[in-house]
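Colleague: My structure is below; once you've seen it, I'll send some questions.
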Amino acid sequence: MIRRWRRLALLPVLAGVLAAGCGIPENTDVRVDGQGPAPGLPTGGGGAQTPASRLDERNNTEAFVVNFLQAAAVEAERAVEQVREYVAPQDRADIRDPNPEVALTVVRLRERPQITRAEAGVEEVALDVQQLGLLRPNGALEPLPAQEPEFTEYTFQVGSVAGETGKFVLNPPAALLLSVDALNTFYLQRTIYFWDTSQRALVPDLRYLPVAVPLERQRTVLLEMLISGPSNWLASAVQALPSGIRSGGNVPDTGDRLKVTLIADATPFADERELDRLAAQLMWSLWPEFDNDLELTIQGQSPKVYPGADLLAMNGTQALPETPERFTVYQGRVHRLRSSAHSGEPIPVLTEEVNQNVVTAGFTQAGGGTYAALAVADGNGQRLIVGAATGAGTSFDASTRTFDDIGRPVWLKAPGDAGLVVADGGLYSFRVGSGAVEQVTLPGVTGEVQSVGAAPDGHRIALVVDGRLYVAALNRGGKVEVLPPRRVPTSLSDLTQVDWVAETLLVAAGTNPDGRVSLYDVTVDGAIETSSLRDLGGASVTHLAGYPANPVGGGTVGARMYVANGVPYDLFEPSEQIRPEEIEGVEPGETEEPENPVTNPTAPFFLY
């Protein structure tokens, strides 16, 4: 039986695999920001872990403060009560029941709590934090209101209360604070799915489920999250469930069948195809087991049973090959790497005539076709060439415009015939069968675009703009439209590159709090981040390509290739550094063209 929580447990291997060595420098340590497991790993279930009580730390004030920042890590309706237990009785009225909902302010401590003695028996506490967002009862971590600062300080006091045992919080913060360590320890990361507006792709939406929710109720809570609708940044790009849909009760798991009952105020589904899409959405969202069936009942109608294998196939992301095809650019041509899948086969799409003067490239497969986008040197500039190999043959179109510098082109799945590329600090779209490149606007965001990465569903992107990290949803109508980007708070500064390594996980290159260049794995909301490499010192990361982990599991887990200080690396290969002798068609110690000196391969990338 394949359970998603077991599949996601593959992700923690990254810490061990990636720590094994990255090439530069040799004697530095892995940095992990925060405590707890890697992104995606369930940390418990059915209430197996609960926050500490107020009396667990009677002497150590710093440990007491850490526990206070975990107190709200329970089901939303209990959060206020749990926080009040830490607060002095005379101040508990300041911790009010929020209206209309409980919203926890998730914070990342930038340093240890600063504790000073104010008077006898009372200590002042100052927390220097990065505010990551508001955790809503539906499990979505939403951005703070625009007027709220990202970096701020919270202050309060810790002291004793006459006639009471232990320490209390005095003059508590107005916000219900939750540390990111608590989020990582006392919540499960879960993914629910919404169909894009064209109903071509299931778009993942990251949610946090308290481990305090009993195991037998977790699917029911996930269903309630799904009914509540998508996260704000996705809302205009996906379809919420029809209005008037409600849960018909608990979602039982009989061991071989998942049973879901919904109540509808009217007839919300026009035909069987809509019901089929709903069934797939439910199975993918409710902790799926695709070797089991889904029984869906709309109240007042007969139940319908869907085989799990059929619902599995309705999410195109599950078709990602477990082992990616790996390529690199070497001396102006695209080559396969020797250890790549399909080793020995011709380069997809490209002809000898086209595969010349290449600077960087991107390949994808979709809808029975294979597509390539190349940035090629053309005089003093660079030009984009887009090619397709389909049943109708192979064709290429060169852009009518040249640029000084073109970044790695990325393709957008579902349907897969369009893509995005960074050129001269702007973001541009391209399409198969056209030589046009059209500039794409980023609503509310200004600055130099440095990097773009496309999610495997083809309806979300990640961006680095002026050294800051963003995610955005796409409108895939007649042309590619980027909806208002969401800023992703992270400990990294001066970011240079980003790409996707899982449905809700990014890999980004930037400068860590110690002033060292590093790659971090970052969830799409910025909450959970883990350093995936020994730090790179002062190296400049100028290229980064990720390969998303298949959500059904198995094979390569979120592979990464990158270029630092002009040297290419592949983190999942034994030698890590990509050397000329690892390129097909190039013998050890030789170059492809004897008149040219040996140079490093450049711009490695995956086909997906």
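Identifiers for the structure tokens are assigned positionally: chains receive A, B, ... in sequence, residues are indexed from 1 per chain, and ligands are indexed from 1 in the order shown.
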As a VMD selection string, please: every residue in segment 109-242 of chain A that DSSP puts in helix (DSSP H, G or I).

Modeller: chain A and resid 180 to 186 215 to 228 232 to 234

Colleague: Neighbours of Asp417 of chain A within 6 Å (only C-alpha atoms; same-chain residues fewer than 2 positions away dropped), as a ChimeraX atom specification?

Modeller: /A:415,431-432

Colleague: Include N, CA, C and O atoms and write out the residues we just selected as an mmCIF file, in the first residue's frame.

Modeller:
data_model
loop_
_atom_site.group_PDB
_atom_site.id
_atom_site.type_symbol
_atom_site.label_atom_id
_atom_site.label_comp_id
_atom_site.auth_asym_id
_atom_site.auth_seq_id
_atom_site.Cartn_x
_atom_site.Cartn_y
_atom_site.Cartn_z
ATOM 1 N N PRO A 415 -0.316 22.920 -21.171
ATOM 2 C CA PRO A 415 -0.064 21.870 -22.148
ATOM 3 C C PRO A 415 1.396 21.629 -22.507
ATOM 4 O O PRO A 415 1.716 20.613 -23.108
ATOM 5 N N ARG A 431 6.820 30.642 -27.327
ATOM 6 C CA ARG A 431 5.849 29.616 -27.670
ATOM 7 C C ARG A 431 6.321 28.848 -28.898
ATOM 8 O O ARG A 431 6.963 29.419 -29.791
ATOM 9 N N VAL A 432 5.991 27.570 -28.950
ATOM 10 C CA VAL A 432 6.307 26.752 -30.113
ATOM 11 C C VAL A 432 5.605 27.315 -31.342
ATOM 12 O O VAL A 432 4.448 27.737 -31.278
#

Colleague: Just checking: using only C-alpha atoms, which residue out of A:Tyr520, A:Tyr86, A:Phe186, A:Phe363 ends up closest to Ala388 of chain A?

Modeller: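 Looking at the shortest contact to Ala388 of chain A, the residue is A:Phe363.
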
Colleague: Return the single residue from A:Thr191, A:Ser343, A:Leu262, A:His459 that is closest to Pro288 of chain A, with distances computed using only C-alpha atoms.

Modeller: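 Under the stated criterion, the closest residue is A:Thr191.
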
Colleague: For Ala462 of chain A, find every residue with an atom within 10 Å (counting only C-alpha atoms), except residues of its own chain fewer than 5 positions away, and show them as a list in words.

Modeller: Ser451, Val452, Gly453, Ala454, Ala455, Leu469, Tyr470, Val471, Ala472, Ala473, Pro485, Arg486, Arg487, Val488, Gln497, Val498, Asp499, Trp500, Leu506, Val507, Ala508 and Val524 of chain A

Colleague: Figure out the distance between atom CA of Arg190 of chain A and atom CA of Gly255 of chain A, please, to one decimal in Å.

Modeller: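 Those two atoms sit 20.6 Å apart.
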
Colleague: Would you work out the distance separating atom CA of Arg117 of chain A from atom CA of Phe156 of chain A, expressed in Å to one decimal?

Modeller: 12.0 Å

Colleague: Within 9 Å of segment 379-387 of chain A, counting only C-alpha atoms, which residues show up once you throw out same-chain ones fewer than 5 positions away? Write them as a ChimeraX atom specification, please.

Modeller: /A:349-350,354,359,370-374,394-406,409,430-435,437

Colleague: Using backbone DSSP assignments, extract all strand (DSSP E) residues from segment 63-219 of chain A; output them as an MDAnalysis selection string.

Modeller: chainID A and resid 104:109 114:119 122:135 141:142 151:159 168:170 177:179 187:195 202:210

Colleague: Output the selection as a short mmCIF file (atom, residue, chain, number, x, y, z; two decimals), in the first residue's frame - C-alpha atoms for each residue.

Modeller:
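Wrote again-v2.cif, looks like this:
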data_model
loop_
_atom_site.label_atom_id
_atom_site.label_comp_id
_atom_site.auth_asym_id
_atom_site.auth_seq_id
_atom_site.Cartn_x
_atom_site.Cartn_y
_atom_site.Cartn_z
CA LEU A 104 -1.07 32.48 14.33
CA THR A 105 1.86 34.75 13.50
CA VAL A 106 4.66 32.41 12.44
CA VAL A 107 8.10 33.79 13.26
CA ARG A 108 11.69 32.73 12.69
CA LEU A 109 14.07 33.74 15.48
CA GLN A 114 17.67 38.24 24.68
CA ILE A 115 16.86 38.00 28.40
CA THR A 116 17.75 40.66 30.93
CA ARG A 117 16.76 41.14 34.57
CA ALA A 118 14.36 44.05 35.01
CA GLU A 119 13.60 43.77 38.74
CA VAL A 122 11.02 39.68 36.63
CA GLU A 123 13.01 39.31 33.40
CA GLU A 124 12.68 41.26 30.16
CA VAL A 125 12.54 39.18 26.97
CA ALA A 126 13.26 40.57 23.49
CA LEU A 127 12.71 38.45 20.38
CA ASP A 128 14.37 39.55 17.14
CA VAL A 129 12.29 37.79 14.49
CA GLN A 130 11.50 37.46 10.82
CA GLN A 131 7.72 37.33 10.43
CA LEU A 132 6.80 34.62 7.94
CA GLY A 133 3.04 34.98 7.73
CA LEU A 134 -0.30 34.15 9.33
CA LEU A 135 -1.23 30.50 9.78
CA LEU A 141 0.28 30.18 5.73
CA GLU A 142 -0.74 33.51 4.22
CA PHE A 151 11.66 42.02 10.55
CA THR A 152 10.59 43.20 13.98
CA GLU A 153 11.06 42.75 17.72
CA TYR A 154 8.58 41.43 20.25
CA THR A 155 9.09 42.22 23.93
CA PHE A 156 7.40 40.91 27.06
CA GLN A 157 8.29 39.92 30.60
CA VAL A 158 8.65 36.60 32.40
CA GLY A 159 8.14 36.37 36.11
CA PHE A 168 4.41 33.17 33.64
CA VAL A 169 4.43 35.55 30.70
CA LEU A 170 3.67 39.11 31.82
CA LEU A 177 3.14 33.80 18.12
CA LEU A 178 4.23 30.44 16.74
CA SER A 179 7.89 29.68 16.11
CA TYR A 187 2.48 20.10 12.15
CA LEU A 188 2.37 17.75 9.17
CA GLN A 189 2.98 19.20 5.75
CA ARG A 190 0.12 18.19 3.49
CA THR A 191 -0.69 19.04 -0.11
CA ILE A 192 -4.22 19.62 -1.32
CA TYR A 193 -5.00 20.12 -5.01
CA PHE A 194 -7.14 22.39 -7.13
CA TRP A 195 -7.79 22.20 -10.86
CA LEU A 202 -4.00 19.67 -10.62
CA VAL A 203 -2.21 22.53 -8.87
CA PRO A 204 -0.70 21.74 -5.43
CA ASP A 205 -1.45 23.95 -2.41
CA LEU A 206 0.68 23.49 0.73
CA ARG A 207 -1.13 23.20 4.07
CA TYR A 208 -0.13 22.51 7.68
CA LEU A 209 -2.09 19.96 9.71
CA PRO A 210 -1.56 19.87 13.51
#

Colleague: Looking at only C-alpha atoms, which of A:Ala545, A:Ala564, A:Ala436, A:Ala201 is the one that sits closest to Ser518 of chain A?

Modeller: A:Ala564

Colleague: Where does segment 208-251 of chain A meet segment 46-64 of chain A within 10 Å, residue by residue, with the nearest atom pair and distance in Å to one decimal for each, counting only C-alpha atoms, listed by chain and rising number, as JSON lines?

Modeller:
{"residue": "A:Pro210", "atom": "CA", "partner": "A:Gly47", "partner_atom": "CA", "distance": 8.3}
{"residue": "A:Val211", "atom": "CA", "partner": "A:Gly47", "partner_atom": "CA", "distance": 5.3}
{"residue": "A:Ala212", "atom": "CA", "partner": "A:Gly47", "partner_atom": "CA", "distance": 3.9}
{"residue": "A:Val213", "atom": "CA", "partner": "A:Gly46", "partner_atom": "CA", "distance": 5.6}
{"residue": "A:Pro214", "atom": "CA", "partner": "A:Gly46", "partner_atom": "CA", "distance": 3.7}
{"residue": "A:Leu215", "atom": "CA", "partner": "A:Gly46", "partner_atom": "CA", "distance": 4.3}
{"residue": "A:Glu216", "atom": "CA", "partner": "A:Gly46", "partner_atom": "CA", "distance": 7.6}
{"residue": "A:Arg217", "atom": "CA", "partner": "A:Gly46", "partner_atom": "CA", "distance": 8.5}
{"residue": "A:Gln218", "atom": "CA", "partner": "A:Gly46", "partner_atom": "CA", "distance": 8.3}

Colleague: Those same residues - all heavy atoms - I'd like them written as a CSV table (one decimal), in the first residue's frame.

Modeller:
chain,number,residue,atom,x,y,z
A,210,PRO,N,-2.1,20.2,12.2
A,210,PRO,CA,-1.6,19.9,13.5
A,210,PRO,C,-1.5,18.4,13.8
A,210,PRO,O,-2.4,17.6,13.5
A,210,PRO,CB,-2.6,20.6,14.5
A,210,PRO,CG,-3.3,21.6,13.6
A,210,PRO,CD,-3.3,21.0,12.2
A,211,VAL,N,-0.4,17.9,14.3
A,211,VAL,CA,-0.3,16.5,14.7
A,211,VAL,C,-1.2,16.2,15.8
A,211,VAL,O,-1.5,15.0,16.1
A,211,VAL,CB,1.2,16.1,15.1
A,211,VAL,CG1,2.1,16.3,13.9
A,211,VAL,CG2,1.6,16.9,16.3
A,212,ALA,N,-1.8,17.2,16.5
A,212,ALA,CA,-2.8,17.0,17.5
A,212,ALA,C,-4.1,16.4,17.0
A,212,ALA,O,-4.9,15.9,17.7
A,212,ALA,CB,-3.0,18.2,18.3
A,213,VAL,N,-4.3,16.6,15.7
A,213,VAL,CA,-5.5,16.0,15.1
A,213,VAL,C,-5.4,14.5,15.1
A,213,VAL,O,-4.4,13.9,14.5
A,213,VAL,CB,-5.7,16.5,13.6
A,213,VAL,CG1,-6.9,15.9,13.0
A,213,VAL,CG2,-5.8,18.0,13.6
A,214,PRO,N,-6.3,13.8,15.7
A,214,PRO,CA,-6.2,12.3,15.7
A,214,PRO,C,-6.2,11.7,14.3
A,214,PRO,O,-6.8,12.3,13.3
A,214,PRO,CB,-7.6,11.9,16.4
A,214,PRO,CG,-7.9,13.1,17.2
A,214,PRO,CD,-7.5,14.3,16.4
A,215,LEU,N,-5.5,10.6,14.2
A,215,LEU,CA,-5.3,10.0,12.9
A,215,LEU,C,-6.6,9.8,12.1
A,215,LEU,O,-6.7,10.0,10.9
A,215,LEU,CB,-4.5,8.7,13.0
A,215,LEU,CG,-4.0,8.0,11.8
A,215,LEU,CD1,-3.1,8.9,11.0
A,215,LEU,CD2,-3.4,6.7,12.1
A,216,GLU,N,-7.6,9.3,12.8
A,216,GLU,CA,-8.8,9.0,12.2
A,216,GLU,C,-9.6,10.2,11.7
A,216,GLU,O,-10.6,10.1,10.9
A,216,GLU,CB,-9.7,8.2,13.1
A,216,GLU,CG,-10.2,8.9,14.4
A,216,GLU,CD,-9.1,8.8,15.5
A,216,GLU,OE1,-8.0,8.3,15.3
A,216,GLU,OE2,-9.5,9.1,16.7
A,217,ARG,N,-9.2,11.4,12.1
A,217,ARG,CA,-9.9,12.6,11.7
A,217,ARG,C,-9.1,13.4,10.7
A,217,ARG,O,-9.5,14.4,10.1
A,217,ARG,CB,-10.2,13.6,12.9
A,217,ARG,CG,-11.3,13.1,13.8
A,217,ARG,CD,-11.7,14.2,14.7
A,217,ARG,NE,-12.0,15.4,14.0
A,217,ARG,CZ,-11.4,16.6,14.2
A,217,ARG,NH1,-10.4,16.8,15.0
A,217,ARG,NH2,-11.8,17.7,13.5
A,218,GLN,N,-7.8,13.0,10.3
A,218,GLN,CA,-7.0,13.8,9.5
A,218,GLN,C,-7.5,14.0,8.1
A,218,GLN,O,-7.5,15.1,7.5
A,218,GLN,CB,-5.6,13.2,9.5
A,218,GLN,CG,-4.8,13.4,10.8
A,218,GLN,CD,-3.4,12.9,10.7
A,218,GLN,OE1,-2.9,12.6,9.7
A,218,GLN,NE2,-2.8,12.9,11.9

Colleague: Show which residues sit within 10 Å of Asp494 of chain A, as number ranges by chain. Count only C-alpha atoms, and ignore same-chain residues fewer than 6 positions away.

Modeller: A: 464-469, 509-512, 517

Colleague: Could you please determine the separation between atom CA of Ala539 of chain A and atom CA of Val334 of chain A in Å, to one decimal place?

Modeller: 25.1 Å

Colleague: With only C-alpha atoms as the basis for distance, which of A:Ala418, A:Leu505, A:Pro143, A:Ser531 is at the shortest distance from Pro489 of chain A?

Modeller: A:Pro143
